[in-house]
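Below is one structure, written out as C-alpha cells; comments come after it.
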2 protein chains.
Amino acid sequence: MATVVIVEDDGYLREELEHTFIREGYRAVSISSFEEPEKEILESEPDLVVLDVNLPGKSGFELCKWMKLRTSVPILILTARDALSDELYALGLGADDFLTKPCHPKRLTARAERLLQTYKKVRNLVQAGDVMMDADTYKVILGNRYVTLPETEGKILKVLMERYPSVVSKKEITAALWGGEEYVDENILQVNMTRLRKNLDHIGLKSMVKTERGKGYCLEMIE
Amino acid sequence: MATVVIVEDDGYLREELEHTFIREGYRAVSISSFEEPEKEILESEPDLVVLDVNLPGKSGFELCKWMKLRTSVPILILTARDALSDELYALGLGADDFLTKPCHPKRLTARAERLLQTYKKVRNLVQAGDVMMDADTYKVILGNRYVTLPETEGKILKVLMERYPSVVSKKEITAALWGGEEYVDENILQVNMTRLRKNLDHIGLKSMVKTERGKGYCLEMIE
DNA sequence: AAAAACCTTACAGCAATTGTAAGTGGTGCG
DNA sequence: CGCACCACTTACAATTGCTGTAAGGTTTTT
C-alpha cells in the first residue's frame, strides 16, 4: 500500500484530501505541525507528497525545492491560484505535477497513481544535487554518463549522498560499512576513497568527494 | 539535445508545435505518414512523444498503449476535447501527462522538460509487459522485487525483451551475444538459459522464458 | 623539522562469472 | 517400441574483478 503524505494547513481541505486517497486504497498521512515539516514528511516515509503552496512558515515551493535536493520522492503541487507563472516555477523546482483547486478527486488520484507508477521504476535511487545512484546496483548517473561502482565504494558514496551536503566523519562511514564492532584499520577506508575517486573520475566527478581535514568527508557539487 | 517526436495530423498545429519545441532548443521531428506510425516513431529515436488523440488510422490512445508496452519513452497526450474521462483513460494507459488544446507554449515545454528530467533517471530501461530491466546493470525489476543478472544472462534477456512477444531463434541470440563470426558451441547458450531461468526464479519469473521446440525462445507473461 | 592526517600503489586471497565437457531427460516419428 | 534429435542440467577449471593488508609517500599543521 502506497503512502501519500498531505501537506495542507486548511483543516477542511486536508480531511477531504485524506478521504479521497483513503477511498482509493492509499495510506494517507497528514502533517500536523508546520514547524519542522521536512522532518515530519521524511518520518512518514512517503511514496508521494501532495503539497499546498500557501503554508504557515515555509512555502510549498521551498519545501519542494528542499525535498527534490535530497530525495527522489514524487511531489504533486496543489494550489488555489490558477497562475501559469506558479506552474512554471513549480515545475522548474522539480515538482512532478501541478494541479489547481478545486480539483476533481478522480483527476487527483489518477495523476497521483501515474506518478507512483513512474517512480516505481526509479525506487531505491539516492540523490544529491545532479548526481543519482541506484542503491541496489551502485550505478552512479550524471547527465548521460554513468559508472557502476563495486559494492564497498558504492556504500561509501551512498552514506555521503544521504548526508549531503554535510560532512560525515571517518568513524561514521567506517561504522556504516563494517559495523562499529571490532577495530578496523582506518586505512581501508582511505584505500577505498582513492578507488572511489578514481571511478568517479570516469564520469568527470573526480573532485566531488572532498576531504575535510580532521573532520571527515563530504560531497561538493561543482558547476 | 533531446528529440521530441510530434504526432499530429493537422498541418498548421504541427508546425506550431515544431516551432515551439525548436525555439526551446529541442530537436523536433514530426511523423509524416500515419500508415505505420509505430515504426516511424521508433526510427526517430524519441526522448519524448507528443501525441494527438484524433488521428487518421490508429488513435492516439492505441499508439500510447502500444508504445508503453514495449518502450520506456515518456508520452504527453494533447487533445482538443476537454473531458475528464479522456484524461483518466489516457493516464490509465500509461500516458505521462495530458494537456488540452489550446495550450500555452510555455506550459507545454515546461511539462515536456519535466518528463525528460524524470525519464533521465530511467534511461536505458528495456521493458516487456510488467517486467523491466536496466540494460546497463542487468537489474531486472518486477513489482517490488528484483535480481541483478550477470552480463551474459542479461544480454540474452535483453534480446528476448526487445523482441517480445516474438520467438527469437538460437542462432540470432548466439549471434547477438558472441557475434556470428566463428562457430560457437550451441551448448553454451543452453547452459546460460538454465542459469537465466534459475536467476529469474528468484523473483518468481521462472516460467517466463519459454522454449519453442525447433524454433528458439520467447518470453511469456504469466498472470 | 617533526608529527599528524591523509593518499597511493602493490600484492595476495577470495568470490563470481564464464565457457567446456559430459551426461541426462523428453518428444516425435518410423 | 526404440532411435534420433533437441533441449536441459551438473560439474569443473580458467579467468576476472573485488577486497583487505601492508608499506611507503605526500600534504598540512604546529
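Chain labels run A, B, ... following the order of the C-alpha cells; each chain numbers its residues from 1, and ligands are numbered from 1 in the order shown.
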Lay chain A over chain B using all C-alpha atoms, matched one to one in order, with a least-squares fit; then write it out as a PDB file with C-alpha atoms, in the first residue's frame.
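part-v4.pdb written:
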```pdb
ATOM      1  CA  MET A   1      19.849  17.880 -27.456  1.00  0.00           C
ATOM      2  CA  ALA A   2      16.647  16.026 -26.720  1.00  0.00           C
ATOM      3  CA  THR A   3      14.445  14.831 -29.558  1.00  0.00           C
ATOM      4  CA  VAL A   4      10.705  15.411 -29.378  1.00  0.00           C
ATOM      5  CA  VAL A   5       8.587  13.450 -31.828  1.00  0.00           C
ATOM      6  CA  ILE A   6       5.286  15.093 -32.693  1.00  0.00           C
ATOM      7  CA  VAL A   7       2.368  12.992 -33.867  1.00  0.00           C
ATOM      8  CA  GLU A   8      -0.372  15.331 -35.069  1.00  0.00           C
ATOM      9  CA  ASP A   9      -2.270  15.239 -38.351  1.00  0.00           C
ATOM     10  CA  ASP A  10      -3.399  18.866 -38.501  1.00  0.00           C
ATOM     11  CA  GLY A  11      -0.696  20.576 -40.489  1.00  0.00           C
ATOM     12  CA  TYR A  12      -1.099  24.007 -38.971  1.00  0.00           C
ATOM     13  CA  LEU A  13      -0.953  22.789 -35.417  1.00  0.00           C
ATOM     14  CA  ARG A  14       1.932  20.494 -36.219  1.00  0.00           C
ATOM     15  CA  GLU A  15       4.049  23.381 -37.407  1.00  0.00           C
ATOM     16  CA  GLU A  16       3.161  25.409 -34.378  1.00  0.00           C
ATOM     17  CA  LEU A  17       4.198  22.586 -32.079  1.00  0.00           C
ATOM     18  CA  GLU A  18       7.429  22.103 -33.960  1.00  0.00           C
ATOM     19  CA  HIS A  19       8.295  25.766 -33.642  1.00  0.00           C
ATOM     20  CA  THR A  20       7.444  25.782 -29.981  1.00  0.00           C
ATOM     21  CA  PHE A  21       9.873  23.008 -29.241  1.00  0.00           C
ATOM     22  CA  ILE A  22      12.587  24.214 -31.586  1.00  0.00           C
ATOM     23  CA  ARG A  23      12.412  27.655 -29.977  1.00  0.00           C
ATOM     24  CA  GLU A  24      13.143  26.015 -26.619  1.00  0.00           C
ATOM     25  CA  GLY A  25      16.166  24.196 -27.986  1.00  0.00           C
ATOM     26  CA  TYR A  26      14.836  20.750 -28.743  1.00  0.00           C
ATOM     27  CA  ARG A  27      15.141  18.747 -31.896  1.00  0.00           C
ATOM     28  CA  ALA A  28      11.581  18.374 -33.168  1.00  0.00           C
ATOM     29  CA  VAL A  29      10.576  15.656 -35.610  1.00  0.00           C
ATOM     30  CA  SER A  30       7.094  15.199 -37.017  1.00  0.00           C
ATOM     31  CA  ILE A  31       5.534  12.044 -38.298  1.00  0.00           C
ATOM     32  CA  SER A  32       4.752  12.506 -41.951  1.00  0.00           C
ATOM     33  CA  SER A  33       2.669   9.443 -42.715  1.00  0.00           C
ATOM     34  CA  PHE A  34       0.156   7.634 -40.593  1.00  0.00           C
ATOM     35  CA  GLU A  35       0.392   4.265 -42.246  1.00  0.00           C
ATOM     36  CA  GLU A  36       3.103   2.866 -40.009  1.00  0.00           C
ATOM     37  CA  PRO A  37       3.335   5.407 -37.224  1.00  0.00           C
ATOM     38  CA  GLU A  38       5.002   2.999 -34.771  1.00  0.00           C
ATOM     39  CA  LYS A  39       7.879   2.380 -37.155  1.00  0.00           C
ATOM     40  CA  GLU A  40       8.308   6.063 -37.913  1.00  0.00           C
ATOM     41  CA  ILE A  41       8.266   7.029 -34.269  1.00  0.00           C
ATOM     42  CA  LEU A  42      10.902   4.489 -33.311  1.00  0.00           C
ATOM     43  CA  GLU A  43      13.124   5.418 -36.228  1.00  0.00           C
ATOM     44  CA  SER A  44      13.178   9.018 -35.043  1.00  0.00           C
ATOM     45  CA  GLU A  45      14.681   7.846 -31.738  1.00  0.00           C
ATOM     46  CA  PRO A  46      12.477   9.986 -29.531  1.00  0.00           C
ATOM     47  CA  ASP A  47      13.307  11.136 -26.036  1.00  0.00           C
ATOM     48  CA  LEU A  48       9.679  12.214 -25.759  1.00  0.00           C
ATOM     49  CA  VAL A  49       6.551  11.691 -27.848  1.00  0.00           C
ATOM     50  CA  VAL A  50       3.790  14.295 -28.093  1.00  0.00           C
ATOM     51  CA  LEU A  51       0.670  12.543 -29.244  1.00  0.00           C
ATOM     52  CA  ASP A  52      -2.632  13.793 -30.585  1.00  0.00           C
ATOM     53  CA  VAL A  53      -5.651  11.613 -29.896  1.00  0.00           C
ATOM     54  CA  ASN A  54      -7.578  12.042 -33.129  1.00  0.00           C
ATOM     55  CA  LEU A  55      -5.473  10.623 -35.899  1.00  0.00           C
ATOM     56  CA  PRO A  56      -6.221   9.005 -39.235  1.00  0.00           C
ATOM     57  CA  GLY A  57      -5.882   5.250 -38.825  1.00  0.00           C
ATOM     58  CA  LYS A  58      -4.748   4.226 -35.350  1.00  0.00           C
ATOM     59  CA  SER A  59      -5.900   6.485 -32.512  1.00  0.00           C
ATOM     60  CA  GLY A  60      -3.436   8.165 -30.216  1.00  0.00           C
ATOM     61  CA  PHE A  61      -4.626   5.914 -27.420  1.00  0.00           C
ATOM     62  CA  GLU A  62      -3.706   2.818 -29.390  1.00  0.00           C
ATOM     63  CA  LEU A  63      -0.304   4.225 -30.224  1.00  0.00           C
ATOM     64  CA  CYS A  64       0.271   5.108 -26.595  1.00  0.00           C
ATOM     65  CA  LYS A  65      -0.631   1.609 -25.489  1.00  0.00           C
ATOM     66  CA  TRP A  66       1.666   0.080 -28.074  1.00  0.00           C
ATOM     67  CA  MET A  67       4.600   2.318 -27.160  1.00  0.00           C
ATOM     68  CA  LYS A  68       4.257   1.721 -23.453  1.00  0.00           C
ATOM     69  CA  LEU A  69       4.273  -2.016 -23.917  1.00  0.00           C
ATOM     70  CA  ARG A  70       7.686  -2.031 -25.546  1.00  0.00           C
ATOM     71  CA  THR A  71       9.569   1.138 -24.802  1.00  0.00           C
ATOM     72  CA  SER A  72      10.244   3.410 -21.904  1.00  0.00           C
ATOM     73  CA  VAL A  73       9.816   6.663 -23.802  1.00  0.00           C
ATOM     74  CA  PRO A  74       7.669   9.244 -22.030  1.00  0.00           C
ATOM     75  CA  ILE A  75       4.421  10.146 -23.757  1.00  0.00           C
ATOM     76  CA  LEU A  76       2.513  13.399 -23.500  1.00  0.00           C
ATOM     77  CA  ILE A  77      -1.022  13.304 -24.833  1.00  0.00           C
ATOM     78  CA  LEU A  78      -2.531  16.423 -26.309  1.00  0.00           C
ATOM     79  CA  THR A  79      -6.185  16.662 -27.205  1.00  0.00           C
ATOM     80  CA  ALA A  80      -8.879  19.150 -28.103  1.00  0.00           C
ATOM     81  CA  ARG A  81     -11.555  17.398 -26.091  1.00  0.00           C
ATOM     82  CA  ASP A  82     -11.552  18.459 -22.475  1.00  0.00           C
ATOM     83  CA  ALA A  83     -13.012  15.311 -20.973  1.00  0.00           C
ATOM     84  CA  LEU A  84     -12.029  13.835 -17.640  1.00  0.00           C
ATOM     85  CA  SER A  85     -12.814  10.365 -18.957  1.00  0.00           C
ATOM     86  CA  ASP A  86     -10.248  10.779 -21.741  1.00  0.00           C
ATOM     87  CA  GLU A  87      -7.647  11.900 -19.249  1.00  0.00           C
ATOM     88  CA  LEU A  88      -8.306   8.967 -16.949  1.00  0.00           C
ATOM     89  CA  TYR A  89      -8.192   6.568 -19.867  1.00  0.00           C
ATOM     90  CA  ALA A  90      -4.925   8.003 -21.163  1.00  0.00           C
ATOM     91  CA  LEU A  91      -3.254   7.887 -17.770  1.00  0.00           C
ATOM     92  CA  GLY A  92      -4.507   4.362 -17.321  1.00  0.00           C
ATOM     93  CA  LEU A  93      -2.810   3.358 -20.559  1.00  0.00           C
ATOM     94  CA  GLY A  94       0.460   4.638 -19.192  1.00  0.00           C
ATOM     95  CA  ALA A  95       0.547   8.125 -20.690  1.00  0.00           C
ATOM     96  CA  ASP A  96       2.806  10.384 -18.679  1.00  0.00           C
ATOM     97  CA  ASP A  97       0.913  13.630 -19.030  1.00  0.00           C
ATOM     98  CA  PHE A  98      -2.315  14.857 -20.550  1.00  0.00           C
ATOM     99  CA  LEU A  99      -2.951  18.401 -21.745  1.00  0.00           C
ATOM    100  CA  THR A 100      -5.857  19.966 -23.588  1.00  0.00           C
ATOM    101  CA  LYS A 101      -5.584  22.266 -26.595  1.00  0.00           C
ATOM    102  CA  PRO A 102      -5.258  25.144 -26.732  1.00  0.00           C
ATOM    103  CA  CYS A 103      -2.276  24.893 -24.420  1.00  0.00           C
ATOM    104  CA  HIS A 104       0.121  27.662 -23.545  1.00  0.00           C
ATOM    105  CA  PRO A 105       3.483  26.903 -25.183  1.00  0.00           C
ATOM    106  CA  LYS A 106       5.308  27.568 -21.935  1.00  0.00           C
ATOM    107  CA  ARG A 107       3.142  25.079 -20.094  1.00  0.00           C
ATOM    108  CA  LEU A 108       3.686  22.480 -22.780  1.00  0.00           C
ATOM    109  CA  THR A 109       7.448  22.821 -22.837  1.00  0.00           C
ATOM    110  CA  ALA A 110       7.688  22.969 -19.046  1.00  0.00           C
ATOM    111  CA  ARG A 111       5.708  19.730 -18.776  1.00  0.00           C
ATOM    112  CA  ALA A 112       7.808  18.164 -21.512  1.00  0.00           C
ATOM    113  CA  GLU A 113      11.009  19.206 -19.808  1.00  0.00           C
ATOM    114  CA  ARG A 114       9.782  17.715 -16.540  1.00  0.00           C
ATOM    115  CA  LEU A 115       9.146  14.376 -18.222  1.00  0.00           C
ATOM    116  CA  LEU A 116      12.554  14.398 -19.846  1.00  0.00           C
ATOM    117  CA  GLN A 117      14.186  15.118 -16.502  1.00  0.00           C
ATOM    118  CA  THR A 118      12.344  12.299 -14.801  1.00  0.00           C
ATOM    119  CA  TYR A 119      13.109   9.823 -17.542  1.00  0.00           C
ATOM    120  CA  LYS A 120      16.785  10.683 -17.495  1.00  0.00           C
ATOM    121  CA  LYS A 121      16.842   8.601 -14.366  1.00  0.00           C
ATOM    122  CA  VAL A 122      15.422   5.564 -16.067  1.00  0.00           C
ATOM    123  CA  ARG A 123      17.273   5.739 -19.344  1.00  0.00           C
ATOM    124  CA  ASN A 124      18.561   2.539 -20.800  1.00  0.00           C
ATOM    125  CA  LEU A 125      15.630   0.679 -19.383  1.00  0.00           C
ATOM    126  CA  VAL A 126      14.272  -2.178 -21.431  1.00  0.00           C
ATOM    127  CA  GLN A 127      10.683  -3.091 -20.877  1.00  0.00           C
ATOM    128  CA  ALA A 128       8.392  -6.010 -21.672  1.00  0.00           C
ATOM    129  CA  GLY A 129       5.009  -6.156 -20.045  1.00  0.00           C
ATOM    130  CA  ASP A 130       5.456  -5.537 -16.325  1.00  0.00           C
ATOM    131  CA  VAL A 131       9.089  -6.500 -16.310  1.00  0.00           C
ATOM    132  CA  MET A 132      11.850  -3.941 -16.603  1.00  0.00           C
ATOM    133  CA  MET A 133      15.579  -4.221 -16.869  1.00  0.00           C
ATOM    134  CA  ASP A 134      18.384  -1.721 -16.573  1.00  0.00           C
ATOM    135  CA  ALA A 135      20.396  -2.552 -19.660  1.00  0.00           C
ATOM    136  CA  ASP A 136      23.610  -1.282 -18.053  1.00  0.00           C
ATOM    137  CA  THR A 137      23.570  -3.240 -14.828  1.00  0.00           C
ATOM    138  CA  TYR A 138      21.192  -6.032 -15.841  1.00  0.00           C
ATOM    139  CA  LYS A 139      19.024  -5.378 -12.829  1.00  0.00           C
ATOM    140  CA  VAL A 140      15.647  -6.941 -13.545  1.00  0.00           C
ATOM    141  CA  ILE A 141      12.676  -5.427 -11.772  1.00  0.00           C
ATOM    142  CA  LEU A 142       9.209  -6.842 -11.243  1.00  0.00           C
ATOM    143  CA  GLY A 143       6.948  -4.952  -8.873  1.00  0.00           C
ATOM    144  CA  ASN A 144       8.986  -4.531  -5.715  1.00  0.00           C
ATOM    145  CA  ARG A 145      11.419  -7.372  -6.291  1.00  0.00           C
ATOM    146  CA  TYR A 146      14.578  -7.507  -8.326  1.00  0.00           C
ATOM    147  CA  VAL A 147      17.616  -9.575  -9.279  1.00  0.00           C
ATOM    148  CA  THR A 148      20.851  -8.476 -10.805  1.00  0.00           C
ATOM    149  CA  LEU A 149      21.874 -10.846 -13.552  1.00  0.00           C
ATOM    150  CA  PRO A 150      25.407 -11.573 -14.686  1.00  0.00           C
ATOM    151  CA  GLU A 151      26.344 -10.049 -17.995  1.00  0.00           C
ATOM    152  CA  THR A 152      25.752 -13.005 -20.293  1.00  0.00           C
ATOM    153  CA  GLU A 153      22.323 -13.791 -18.929  1.00  0.00           C
ATOM    154  CA  GLY A 154      21.403 -10.135 -18.955  1.00  0.00           C
ATOM    155  CA  LYS A 155      22.289  -9.823 -22.610  1.00  0.00           C
ATOM    156  CA  ILE A 156      20.157 -12.801 -23.499  1.00  0.00           C
ATOM    157  CA  LEU A 157      17.189 -11.413 -21.600  1.00  0.00           C
ATOM    158  CA  LYS A 158      17.701  -8.043 -23.232  1.00  0.00           C
ATOM    159  CA  VAL A 159      17.408  -9.564 -26.704  1.00  0.00           C
ATOM    160  CA  LEU A 160      14.262 -11.410 -25.691  1.00  0.00           C
ATOM    161  CA  MET A 161      12.719  -8.321 -24.115  1.00  0.00           C
ATOM    162  CA  GLU A 162      13.438  -6.138 -27.118  1.00  0.00           C
ATOM    163  CA  ARG A 163      11.671  -8.617 -29.367  1.00  0.00           C
ATOM    164  CA  TYR A 164       8.831  -9.364 -26.985  1.00  0.00           C
ATOM    165  CA  PRO A 165       6.429 -10.992 -27.641  1.00  0.00           C
ATOM    166  CA  SER A 166       8.091 -12.510 -30.724  1.00  0.00           C
ATOM    167  CA  VAL A 167      10.085 -15.712 -30.801  1.00  0.00           C
ATOM    168  CA  VAL A 168      13.829 -15.254 -31.262  1.00  0.00           C
ATOM    169  CA  SER A 169      15.838 -18.055 -32.838  1.00  0.00           C
ATOM    170  CA  LYS A 170      18.819 -19.582 -31.097  1.00  0.00           C
ATOM    171  CA  LYS A 171      20.954 -18.498 -33.995  1.00  0.00           C
ATOM    172  CA  GLU A 172      19.978 -14.863 -33.565  1.00  0.00           C
ATOM    173  CA  ILE A 173      20.602 -14.913 -29.836  1.00  0.00           C
ATOM    174  CA  THR A 174      23.946 -16.596 -30.316  1.00  0.00           C
ATOM    175  CA  ALA A 175      24.875 -14.031 -32.959  1.00  0.00           C
ATOM    176  CA  ALA A 176      23.856 -11.157 -30.703  1.00  0.00           C
ATOM    177  CA  LEU A 177      25.911 -12.496 -27.809  1.00  0.00           C
ATOM    178  CA  TRP A 178      29.039 -13.960 -29.341  1.00  0.00           C
ATOM    179  CA  GLY A 179      28.969 -12.500 -32.831  1.00  0.00           C
ATOM    180  CA  GLY A 180      28.135 -14.764 -35.755  1.00  0.00           C
ATOM    181  CA  GLU A 181      31.815 -14.969 -36.714  1.00  0.00           C
ATOM    182  CA  GLU A 182      33.092 -18.365 -35.736  1.00  0.00           C
ATOM    183  CA  TYR A 183      31.201 -21.442 -34.789  1.00  0.00           C
ATOM    184  CA  VAL A 184      30.099 -21.418 -31.188  1.00  0.00           C
ATOM    185  CA  ASP A 185      28.841 -24.492 -29.445  1.00  0.00           C
ATOM    186  CA  GLU A 186      25.097 -24.212 -29.206  1.00  0.00           C
ATOM    187  CA  ASN A 187      25.236 -25.768 -25.795  1.00  0.00           C
ATOM    188  CA  ILE A 188      26.586 -22.621 -24.211  1.00  0.00           C
ATOM    189  CA  LEU A 189      23.321 -20.890 -24.943  1.00  0.00           C
ATOM    190  CA  GLN A 190      21.355 -23.642 -23.279  1.00  0.00           C
ATOM    191  CA  VAL A 191      23.560 -23.569 -20.238  1.00  0.00           C
ATOM    192  CA  ASN A 192      22.993 -19.864 -19.894  1.00  0.00           C
ATOM    193  CA  MET A 193      19.286 -20.335 -20.424  1.00  0.00           C
ATOM    194  CA  THR A 194      19.196 -22.643 -17.461  1.00  0.00           C
ATOM    195  CA  ARG A 195      21.128 -20.126 -15.416  1.00  0.00           C
ATOM    196  CA  LEU A 196      18.880 -17.294 -16.533  1.00  0.00           C
ATOM    197  CA  ARG A 197      15.750 -19.218 -15.603  1.00  0.00           C
ATOM    198  CA  LYS A 198      17.163 -20.088 -12.215  1.00  0.00           C
ATOM    199  CA  ASN A 199      17.949 -16.454 -11.507  1.00  0.00           C
ATOM    200  CA  LEU A 200      14.586 -15.223 -12.732  1.00  0.00           C
ATOM    201  CA  ASP A 201      12.976 -17.734 -10.421  1.00  0.00           C
ATOM    202  CA  HIS A 202      14.281 -15.669  -7.509  1.00  0.00           C
ATOM    203  CA  ILE A 203      11.708 -13.021  -8.304  1.00  0.00           C
ATOM    204  CA  GLY A 204       9.009 -15.445  -9.320  1.00  0.00           C
ATOM    205  CA  LEU A 205       9.614 -15.327 -13.048  1.00  0.00           C
ATOM    206  CA  LYS A 206      10.831 -18.842 -13.634  1.00  0.00           C
ATOM    207  CA  SER A 207       8.340 -19.650 -16.347  1.00  0.00           C
ATOM    208  CA  MET A 208       8.721 -16.341 -18.128  1.00  0.00           C
ATOM    209  CA  VAL A 209      11.221 -17.694 -20.636  1.00  0.00           C
ATOM    210  CA  LYS A 210       9.409 -20.093 -22.905  1.00  0.00           C
ATOM    211  CA  THR A 211      10.885 -22.557 -25.359  1.00  0.00           C
ATOM    212  CA  GLU A 212       9.388 -22.798 -28.816  1.00  0.00           C
ATOM    213  CA  ARG A 213      10.669 -26.132 -29.917  1.00  0.00           C
ATOM    214  CA  GLY A 214      12.549 -25.915 -33.184  1.00  0.00           C
ATOM    215  CA  LYS A 215      12.080 -22.141 -33.374  1.00  0.00           C
ATOM    216  CA  GLY A 216      13.786 -20.492 -30.456  1.00  0.00           C
ATOM    217  CA  TYR A 217      12.825 -18.707 -27.249  1.00  0.00           C
ATOM    218  CA  CYS A 218      10.343 -16.034 -26.297  1.00  0.00           C
ATOM    219  CA  LEU A 219       8.970 -14.318 -23.246  1.00  0.00           C
ATOM    220  CA  GLU A 220       5.534 -14.889 -21.849  1.00  0.00           C
ATOM    221  CA  MET A 221       3.919 -12.767 -19.183  1.00  0.00           C
ATOM    222  CA  ILE A 222       1.976 -14.769 -16.692  1.00  0.00           C
ATOM    223  CA  GLU A 223      -0.747 -13.133 -14.674  1.00  0.00           C
TER     224      GLU A 223
END
```
Point to revise | Long-range neighbours of region 16-27 of chain C as a PyMOL selection string, 9 Å cut-off, only C-alpha atoms (C1' of nucleotides), 2 positions minimum in chain | key: (chain B and resi 150-152+188) or (chain D and resi 5-17)
Point to revise | DSSP alpha helix (DSSP H) residues within region 54-94 of chain B, listed as a list in words | key: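 DSSP on the backbone gives alpha helix (DSSP H) at Gly60, Phe61, Glu62, Leu63, Cys64, Lys65, Trp66, Met67, Lys68, Leu69, Arg70, Leu84, Ser85, Asp86, Glu87, Leu88, Tyr89, Ala90, Leu91, Gly92 and Leu93 of chain B.
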Practice item. Select residues of chain C: the criterion is any atom within 12 Å of an atom of chain A, counting only C-alpha atoms (C1' of nucleotides); output as number ranges by chain. Key: C: 4-9
Practice item. As a list of chain:residue names, please: all residues of region 91-223 of chain A that backbone DSSP puts in strand (DSSP E or B). Key: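 These are the residues in question: A:Asp97, A:Phe98, A:Leu99, A:Thr100, A:Leu125, A:Val126, A:Gln127, A:Ala128, A:Val131, A:Met132, A:Met133, A:Asp134, A:Lys139, A:Val140, A:Ile141, A:Leu142, A:Arg145, A:Tyr146, A:Val147, A:Thr148, A:Val168, A:Val209, A:Lys210, A:Thr211, A:Glu212, A:Gly216, A:Tyr217, A:Cys218, A:Leu219.
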Exercise for review: Show me which bits of chain D are within 12 Å of chain A, counting only C-alpha atoms (C1' of nucleotides), as a PyMOL selection string.
Suggested key: chain D and resi 17-23+27-29
